[in-house]
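data-v6.cif (mmCIF, C-alpha atoms)
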data_work
#
loop_
_atom_site.label_atom_id
_atom_site.label_comp_id
_atom_site.auth_asym_id
_atom_site.auth_seq_id
_atom_site.Cartn_x
_atom_site.Cartn_y
_atom_site.Cartn_z
CA MET U 1 -179.56 75.87 44.86
CA SER U 2 -178.97 72.68 46.80
CA GLU U 3 -175.87 70.66 46.12
CA LYS U 4 -176.08 67.01 45.10
CA GLU U 5 -175.75 64.51 47.92
CA VAL U 6 -172.74 62.22 47.51
CA ILE U 7 -173.37 58.69 48.77
CA LEU U 8 -170.24 56.97 50.07
CA THR U 9 -169.30 53.82 51.91
CA PRO U 10 -166.79 54.22 54.76
CA GLU U 11 -164.12 52.82 52.39
CA GLY U 12 -165.02 55.37 49.71
CA LEU U 13 -164.92 58.19 52.25
CA SER U 14 -161.45 57.12 53.35
CA LYS U 15 -160.16 57.02 49.76
CA LEU U 16 -161.46 60.52 48.99
CA GLU U 17 -160.00 61.90 52.22
CA GLN U 18 -156.61 60.32 51.43
CA GLU U 19 -156.65 61.73 47.89
CA LEU U 20 -157.50 65.20 49.21
CA GLU U 21 -154.72 65.05 51.80
CA ASP U 22 -152.20 63.93 49.16
CA LEU U 23 -153.20 66.74 46.81
CA LYS U 24 -152.94 69.36 49.54
CA THR U 25 -149.72 68.21 51.18
CA VAL U 26 -147.69 66.56 48.40
CA LYS U 27 -148.91 67.48 44.93
CA ARG U 28 -149.32 71.21 45.64
CA LYS U 29 -145.71 71.41 46.85
CA GLU U 30 -144.40 69.39 43.90
CA VAL U 31 -146.10 71.59 41.31
CA ALA U 32 -145.05 74.78 43.12
CA ALA U 33 -141.42 73.60 42.96
CA ARG U 34 -141.82 72.84 39.24
CA ILE U 35 -143.23 76.33 38.61
CA LYS U 36 -140.38 77.91 40.55
CA GLU U 37 -137.83 75.90 38.58
CA ALA U 38 -139.48 76.77 35.25
CA ILE U 39 -139.45 80.48 36.13
CA SER U 40 -135.74 80.24 36.83
CA PHE U 41 -135.20 79.28 33.16
CA GLY U 42 -136.07 82.84 32.17
CA ASP U 43 -138.67 84.04 29.66
CA ILE U 44 -141.92 82.26 30.64
CA SER U 45 -143.83 83.36 27.51
CA GLU U 46 -142.34 80.46 25.52
CA ASN U 47 -141.53 78.13 28.39
CA SER U 48 -143.35 74.78 27.96
CA GLU U 49 -142.29 73.52 31.42
CA TYR U 50 -143.91 76.58 32.98
CA GLU U 51 -147.13 76.09 30.97
CA GLU U 52 -147.32 72.40 31.88
CA ALA U 53 -146.78 73.13 35.57
CA LYS U 54 -149.40 75.90 35.58
CA ASN U 55 -151.90 73.57 33.86
CA GLU U 56 -151.19 70.85 36.42
CA GLN U 57 -151.58 73.37 39.22
CA ALA U 58 -155.00 74.38 37.85
CA PHE U 59 -156.04 70.72 37.64
CA ILE U 60 -154.91 70.03 41.22
CA GLU U 61 -156.72 73.08 42.60
CA GLY U 62 -159.88 72.11 40.69
CA ARG U 63 -159.73 68.56 42.01
CA ILE U 64 -159.23 69.84 45.58
CA LEU U 65 -162.35 72.00 45.26
CA THR U 66 -164.32 69.07 43.82
CA LEU U 67 -163.24 66.71 46.62
CA GLU U 68 -163.98 69.27 49.33
CA LYS U 69 -167.48 69.80 47.89
CA MET U 70 -168.07 66.03 47.68
CA LEU U 71 -166.96 65.50 51.28
CA ARG U 72 -169.11 68.42 52.46
CA ASN U 73 -172.18 66.81 50.86
CA ALA U 74 -171.33 63.21 51.78
CA ARG U 75 -173.80 60.78 53.27
CA ILE U 76 -172.07 57.70 54.63
CA ILE U 77 -173.80 54.36 54.16
CA THR U 78 -172.94 51.81 56.85
CA ASN U 79 -173.94 48.15 57.15
CA GLU U 80 -176.74 49.21 59.52
CA ASP U 81 -178.24 51.30 56.68
CA VAL U 82 -178.38 48.37 54.26
CA ASP U 83 -181.59 46.34 54.12
CA THR U 84 -180.72 42.90 52.77
CA GLY U 85 -184.36 42.33 51.82
CA VAL U 86 -184.06 44.64 48.82
CA VAL U 87 -181.21 46.07 46.76
CA SER U 88 -179.95 49.42 48.05
CA VAL U 89 -176.74 51.41 48.06
CA GLY U 90 -174.21 49.32 49.97
CA SER U 91 -175.73 45.98 48.92
CA ARG U 92 -173.70 43.17 47.40
CA VAL U 93 -175.86 41.57 44.76
CA LYS U 94 -175.40 38.25 42.97
CA LEU U 95 -177.00 38.32 39.53
CA LYS U 96 -177.56 35.74 36.83
CA ASP U 97 -177.64 36.87 33.20
CA LEU U 98 -180.71 35.01 31.90
CA GLU U 99 -179.52 34.97 28.27
CA PHE U 100 -176.00 33.62 28.78
CA GLY U 101 -176.19 32.08 32.27
CA ASP U 102 -173.25 34.12 33.59
CA VAL U 103 -173.28 34.86 37.33
CA VAL U 104 -171.74 38.10 38.56
CA ASP U 105 -171.41 39.86 41.93
CA TYR U 106 -171.80 43.63 42.13
CA THR U 107 -171.61 46.05 45.01
CA ILE U 108 -173.97 49.01 44.60
CA VAL U 109 -172.17 52.23 45.53
CA GLY U 110 -172.63 55.95 45.00
CA SER U 111 -171.35 57.42 41.74
CA ALA U 112 -168.30 58.96 43.44
CA GLU U 113 -166.78 55.56 44.19
CA SER U 114 -168.02 53.44 41.30
CA ASP U 115 -165.32 51.19 39.88
CA PRO U 116 -166.75 48.77 37.32
CA MET U 117 -163.39 46.99 36.93
CA ASN U 118 -163.75 45.95 40.59
CA ASN U 119 -167.49 45.17 40.32
CA LYS U 120 -168.53 48.36 42.13
CA ILE U 121 -171.36 49.88 40.13
CA SER U 122 -173.07 53.18 40.66
CA ASN U 123 -176.63 53.44 41.90
CA GLU U 124 -177.05 55.88 38.98
CA SER U 125 -175.87 53.40 36.29
CA PRO U 126 -178.45 51.55 34.19
CA VAL U 127 -177.85 48.29 36.10
CA GLY U 128 -177.79 50.05 39.48
CA GLN U 129 -181.01 51.95 38.78
CA ALA U 130 -182.79 48.80 37.58
CA LEU U 131 -181.77 46.85 40.69
CA LEU U 132 -182.60 49.42 43.41
CA GLY U 133 -185.57 48.39 45.51
CA LYS U 134 -185.84 44.90 43.99
CA ALA U 135 -185.91 41.72 46.11
CA LYS U 136 -184.16 38.37 45.83
CA GLY U 137 -185.69 36.28 43.04
CA ALA U 138 -186.82 39.30 41.00
CA VAL U 139 -186.08 39.46 37.29
CA VAL U 140 -185.02 42.92 36.13
CA ASP U 141 -184.71 44.35 32.65
CA VAL U 142 -181.74 46.62 32.12
CA ASN U 143 -181.75 48.93 29.13
CA VAL U 144 -178.25 49.16 27.69
CA PRO U 145 -177.04 50.56 24.35
CA ALA U 146 -177.00 47.05 22.86
CA GLY U 147 -180.61 46.36 23.88
CA VAL U 148 -182.10 44.84 27.04
CA ILE U 149 -180.32 42.52 29.45
CA GLN U 150 -182.37 40.42 31.87
CA TYR U 151 -180.90 39.57 35.26
CA GLU U 152 -182.30 37.43 38.02
CA ILE U 153 -181.34 38.52 41.53
CA LEU U 154 -179.90 35.40 43.19
CA ASP U 155 -178.77 36.93 46.47
CA ILE U 156 -178.52 40.23 48.37
CA ASN U 157 -176.13 40.70 51.27
CA LEU U 158 -173.69 43.13 52.89
#
Rendering of file as structure tokens:
Amino acid sequence: MSEKEVILTPEGLSKLEQELEDLKTVKRKEVAARIKEAISFGDISENSEYEEAKNEQAFIEGRILTLEKMLRNARIITNEDVDTGVVSVGSRVKLKDLEFGDVVDYTIVGSAESDPMNNKISNESPVGQALLGKAKGAVVDVNVPAGVIQYEILDINL
């Protein structure tokens, strides 16, 4: 069974590597100290501090495994990989909402680094999927839960 490729920008790669390093060097030690302290309180069968620390430890270890797998399967998209003739992962796209006239800029990124609050949308999102492969001037229909949104692609750049 092949593992899913994780598409990352250099910035996204750096963030994941930093998170992994922090989990391995700082968070692991912190939670181990909390477990040790909770054990020192005595009977762990009814010790909520111990249970909380063990749950946090399990979360941290799971996240470490997830990040390691993502980094192992990463494909880094650089500016040289981005064709500004059509929308692709790594493109910055200026769109106009044809119903309301709003103009918005999005950067198309892999799902691992999507951050809609910072206008980074996943290539797997409805908007991202609708835009991929389209050229400047194209009108795209995006199916969303509320219906269909039409965008015109005003510009594509790095």
Please write as a ChimeraX atom specification the full residue list that the PyMOL selection byres ((chain U and resi 112) around 9) yields on this file.
/U:6-8,12,16,70,109-111,113-114,122
Please produce an output containing C-alpha atoms for each residue in the selection, written as an mmCIF file, keeping the file's coordinate frame.
data_model
loop_
_atom_site.group_PDB
_atom_site.id
_atom_site.type_symbol
_atom_site.label_atom_id
_atom_site.label_comp_id
_atom_site.auth_asym_id
_atom_site.auth_seq_id
_atom_site.Cartn_x
_atom_site.Cartn_y
_atom_site.Cartn_z
ATOM 1 C CA VAL U 6 -172.740 62.220 47.510
ATOM 2 C CA ILE U 7 -173.370 58.690 48.770
ATOM 3 C CA LEU U 8 -170.240 56.970 50.070
ATOM 4 C CA GLY U 12 -165.020 55.370 49.710
ATOM 5 C CA LEU U 16 -161.460 60.520 48.990
ATOM 6 C CA MET U 70 -168.070 66.030 47.680
ATOM 7 C CA VAL U 109 -172.170 52.230 45.530
ATOM 8 C CA GLY U 110 -172.630 55.950 45.000
ATOM 9 C CA SER U 111 -171.350 57.420 41.740
ATOM 10 C CA GLU U 113 -166.780 55.560 44.190
ATOM 11 C CA SER U 114 -168.020 53.440 41.300
ATOM 12 C CA SER U 122 -173.070 53.180 40.660
#
Quote the spacing between CA of Val26 (chain U) and CA of Tyr50 (chain U) in Å to one decimal place.
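Computed distance, CA of Val26 (chain U) to CA of Tyr50 (chain U), equals 18.8 Å.
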Since I can't run it myself right now, could you work out what the PyMOL selection byres ((chain U and resi 83) around 12) selects here and report it as a ChimeraX atom specification?
/U:77-82,84-93,132-136,156-158
Residues matched by the PyMOL selection byres ((chain U and resi 97) around 12), written as a list of chain:residue names:
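This file gives the following for the PyMOL selection byres ((chain U and resi 97) around 12): U:Lys94, U:Leu95, U:Lys96, U:Leu98, U:Glu99, U:Phe100, U:Gly101, U:Asp102, U:Val103, U:Val104, U:Asp105, U:Val127, U:Val139, U:Val140, U:Asp141, U:Val142, U:Val148, U:Ile149, U:Gln150, U:Tyr151, U:Glu152, U:Ile153, U:Leu154.
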Go ahead and dump the residues you just picked, C-alpha atoms, as a compact mmCIF listing (two decimals), in the frame of the given file.
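After the write, selection-v9.txt holds the following:
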# COMPACT_ATOMS: atom_id res chain seq x y z
CA LYS U 94 -175.40 38.25 42.97
CA LEU U 95 -177.00 38.32 39.53
CA LYS U 96 -177.56 35.74 36.83
CA LEU U 98 -180.71 35.01 31.90
CA GLU U 99 -179.52 34.97 28.27
CA PHE U 100 -176.00 33.62 28.78
CA GLY U 101 -176.19 32.08 32.27
CA ASP U 102 -173.25 34.12 33.59
CA VAL U 103 -173.28 34.86 37.33
CA VAL U 104 -171.74 38.10 38.56
CA ASP U 105 -171.41 39.86 41.93
CA VAL U 127 -177.85 48.29 36.10
CA VAL U 139 -186.08 39.46 37.29
CA VAL U 140 -185.02 42.92 36.13
CA ASP U 141 -184.71 44.35 32.65
CA VAL U 142 -181.74 46.62 32.12
CA VAL U 148 -182.10 44.84 27.04
CA ILE U 149 -180.32 42.52 29.45
CA GLN U 150 -182.37 40.42 31.87
CA TYR U 151 -180.90 39.57 35.26
CA GLU U 152 -182.30 37.43 38.02
CA ILE U 153 -181.34 38.52 41.53
CA LEU U 154 -179.90 35.40 43.19
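Rounded to one decimal, CA of Lys4 (chain U) and CA of Arg28 (chain U) lie 27.1 Å from each other.
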Since the input lacks atoms, please generate N, CA, C and O atoms for region 64-88 of chain U and provide them as a PDB file, in the coordinates of the input.
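So the final result, stored in part.pdb, reads:
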ATOM      1  N   ILE U  64    -159.089  69.565  44.142  1.00  0.00           N
ATOM      2  CA  ILE U  64    -159.230  69.840  45.580  1.00  0.00           C
ATOM      3  C   ILE U  64    -160.610  70.422  45.865  1.00  0.00           C
ATOM      4  O   ILE U  64    -161.305  69.978  46.789  1.00  0.00           O
ATOM      5  N   LEU U  65    -161.023  71.394  45.059  1.00  0.00           N
ATOM      6  CA  LEU U  65    -162.350  72.000  45.260  1.00  0.00           C
ATOM      7  C   LEU U  65    -163.457  70.962  45.080  1.00  0.00           C
ATOM      8  O   LEU U  65    -164.418  70.922  45.857  1.00  0.00           O
ATOM      9  N   THR U  66    -163.321  70.112  44.068  1.00  0.00           N
ATOM     10  CA  THR U  66    -164.320  69.070  43.820  1.00  0.00           C
ATOM     11  C   THR U  66    -164.403  68.105  45.004  1.00  0.00           C
ATOM     12  O   THR U  66    -165.503  67.774  45.466  1.00  0.00           O
ATOM     13  N   LEU U  67    -163.243  67.650  45.490  1.00  0.00           N
ATOM     14  CA  LEU U  67    -163.240  66.710  46.620  1.00  0.00           C
ATOM     15  C   LEU U  67    -163.809  67.347  47.877  1.00  0.00           C
ATOM     16  O   LEU U  67    -164.576  66.703  48.608  1.00  0.00           O
ATOM     17  N   GLU U  68    -163.452  68.591  48.136  1.00  0.00           N
ATOM     18  CA  GLU U  68    -163.980  69.270  49.330  1.00  0.00           C
ATOM     19  C   GLU U  68    -165.500  69.383  49.253  1.00  0.00           C
ATOM     20  O   GLU U  68    -166.198  69.164  50.253  1.00  0.00           O
ATOM     21  N   LYS U  69    -166.026  69.697  48.071  1.00  0.00           N
ATOM     22  CA  LYS U  69    -167.480  69.800  47.890  1.00  0.00           C
ATOM     23  C   LYS U  69    -168.131  68.425  48.091  1.00  0.00           C
ATOM     24  O   LYS U  69    -169.165  68.310  48.752  1.00  0.00           O
ATOM     25  N   MET U  70    -167.516  67.375  47.523  1.00  0.00           N
ATOM     26  CA  MET U  70    -168.070  66.030  47.680  1.00  0.00           C
ATOM     27  C   MET U  70    -168.101  65.625  49.147  1.00  0.00           C
ATOM     28  O   MET U  70    -169.105  65.080  49.624  1.00  0.00           O
ATOM     29  N   LEU U  71    -167.026  65.883  49.862  1.00  0.00           N
ATOM     30  CA  LEU U  71    -166.960  65.500  51.280  1.00  0.00           C
ATOM     31  C   LEU U  71    -167.949  66.315  52.119  1.00  0.00           C
ATOM     32  O   LEU U  71    -168.521  65.802  53.082  1.00  0.00           O
ATOM     33  N   ARG U  72    -168.160  67.569  51.747  1.00  0.00           N
ATOM     34  CA  ARG U  72    -169.110  68.420  52.460  1.00  0.00           C
ATOM     35  C   ARG U  72    -170.541  67.890  52.303  1.00  0.00           C
ATOM     36  O   ARG U  72    -171.372  68.031  53.195  1.00  0.00           O
ATOM     37  N   ASN U  73    -170.819  67.286  51.157  1.00  0.00           N
ATOM     38  CA  ASN U  73    -172.180  66.810  50.860  1.00  0.00           C
ATOM     39  C   ASN U  73    -172.307  65.289  50.985  1.00  0.00           C
ATOM     40  O   ASN U  73    -173.236  64.696  50.454  1.00  0.00           O
ATOM     41  N   ALA U  74    -171.355  64.674  51.684  1.00  0.00           N
ATOM     42  CA  ALA U  74    -171.330  63.210  51.780  1.00  0.00           C
ATOM     43  C   ALA U  74    -172.369  62.679  52.760  1.00  0.00           C
ATOM     44  O   ALA U  74    -172.613  63.264  53.805  1.00  0.00           O
ATOM     45  N   ARG U  75    -172.952  61.563  52.371  1.00  0.00           N
ATOM     46  CA  ARG U  75    -173.800  60.780  53.270  1.00  0.00           C
ATOM     47  C   ARG U  75    -173.169  59.392  53.302  1.00  0.00           C
ATOM     48  O   ARG U  75    -173.035  58.739  52.268  1.00  0.00           O
ATOM     49  N   ILE U  76    -172.773  58.962  54.476  1.00  0.00           N
ATOM     50  CA  ILE U  76    -172.070  57.700  54.630  1.00  0.00           C
ATOM     51  C   ILE U  76    -173.069  56.574  54.854  1.00  0.00           C
ATOM     52  O   ILE U  76    -173.917  56.651  55.742  1.00  0.00           O
ATOM     53  N   ILE U  77    -172.946  55.533  54.047  1.00  0.00           N
ATOM     54  CA  ILE U  77    -173.800  54.360  54.160  1.00  0.00           C
ATOM     55  C   ILE U  77    -173.033  53.288  54.929  1.00  0.00           C
ATOM     56  O   ILE U  77    -171.958  52.879  54.515  1.00  0.00           O
ATOM     57  N   THR U  78    -173.578  52.871  56.054  1.00  0.00           N
ATOM     58  CA  THR U  78    -172.940  51.810  56.850  1.00  0.00           C
ATOM     59  C   THR U  78    -173.757  50.531  56.705  1.00  0.00           C
ATOM     60  O   THR U  78    -174.869  50.551  56.155  1.00  0.00           O
ATOM     61  N   ASN U  79    -173.228  49.440  57.222  1.00  0.00           N
ATOM     62  CA  ASN U  79    -173.940  48.150  57.150  1.00  0.00           C
ATOM     63  C   ASN U  79    -175.320  48.233  57.802  1.00  0.00           C
ATOM     64  O   ASN U  79    -176.243  47.561  57.374  1.00  0.00           O
ATOM     65  N   GLU U  80    -175.447  49.069  58.837  1.00  0.00           N
ATOM     66  CA  GLU U  80    -176.740  49.210  59.520  1.00  0.00           C
ATOM     67  C   GLU U  80    -177.782  49.858  58.612  1.00  0.00           C
ATOM     68  O   GLU U  80    -178.984  49.693  58.814  1.00  0.00           O
ATOM     69  N   ASP U  81    -177.323  50.628  57.604  1.00  0.00           N
ATOM     70  CA  ASP U  81    -178.240  51.300  56.680  1.00  0.00           C
ATOM     71  C   ASP U  81    -178.730  50.393  55.565  1.00  0.00           C
ATOM     72  O   ASP U  81    -179.664  50.736  54.839  1.00  0.00           O
ATOM     73  N   VAL U  82    -178.078  49.247  55.390  1.00  0.00           N
ATOM     74  CA  VAL U  82    -178.380  48.370  54.260  1.00  0.00           C
ATOM     75  C   VAL U  82    -179.425  47.329  54.669  1.00  0.00           C
ATOM     76  O   VAL U  82    -179.232  46.575  55.614  1.00  0.00           O
ATOM     77  N   ASP U  83    -180.528  47.320  53.929  1.00  0.00           N
ATOM     78  CA  ASP U  83    -181.590  46.340  54.120  1.00  0.00           C
ATOM     79  C   ASP U  83    -181.330  45.197  53.149  1.00  0.00           C
ATOM     80  O   ASP U  83    -181.365  45.398  51.938  1.00  0.00           O
ATOM     81  N   THR U  84    -181.033  44.009  53.662  1.00  0.00           N
ATOM     82  CA  THR U  84    -180.720  42.900  52.770  1.00  0.00           C
ATOM     83  C   THR U  84    -181.964  42.273  52.137  1.00  0.00           C
ATOM     84  O   THR U  84    -181.852  41.328  51.360  1.00  0.00           O
ATOM     85  N   GLY U  85    -183.126  42.820  52.444  1.00  0.00           N
ATOM     86  CA  GLY U  85    -184.360  42.330  51.820  1.00  0.00           C
ATOM     87  C   GLY U  85    -184.541  42.869  50.405  1.00  0.00           C
ATOM     88  O   GLY U  85    -185.175  42.228  49.570  1.00  0.00           O
ATOM     89  N   VAL U  86    -183.981  44.030  50.153  1.00  0.00           N
ATOM     90  CA  VAL U  86    -184.060  44.640  48.820  1.00  0.00           C
ATOM     91  C   VAL U  86    -182.705  45.261  48.486  1.00  0.00           C
ATOM     92  O   VAL U  86    -181.910  45.564  49.371  1.00  0.00           O
ATOM     93  N   VAL U  87    -182.466  45.466  47.208  1.00  0.00           N
ATOM     94  CA  VAL U  87    -181.210  46.070  46.760  1.00  0.00           C
ATOM     95  C   VAL U  87    -181.213  47.554  47.100  1.00  0.00           C
ATOM     96  O   VAL U  87    -182.180  48.261  46.815  1.00  0.00           O
ATOM     97  N   SER U  88    -180.123  48.007  47.743  1.00  0.00           N
ATOM     98  CA  SER U  88    -179.950  49.420  48.050  1.00  0.00           C
ATOM     99  C   SER U  88    -178.470  49.756  47.941  1.00  0.00           C
ATOM    100  O   SER U  88    -177.637  48.868  47.738  1.00  0.00           O
TER     101      SER U  88
END
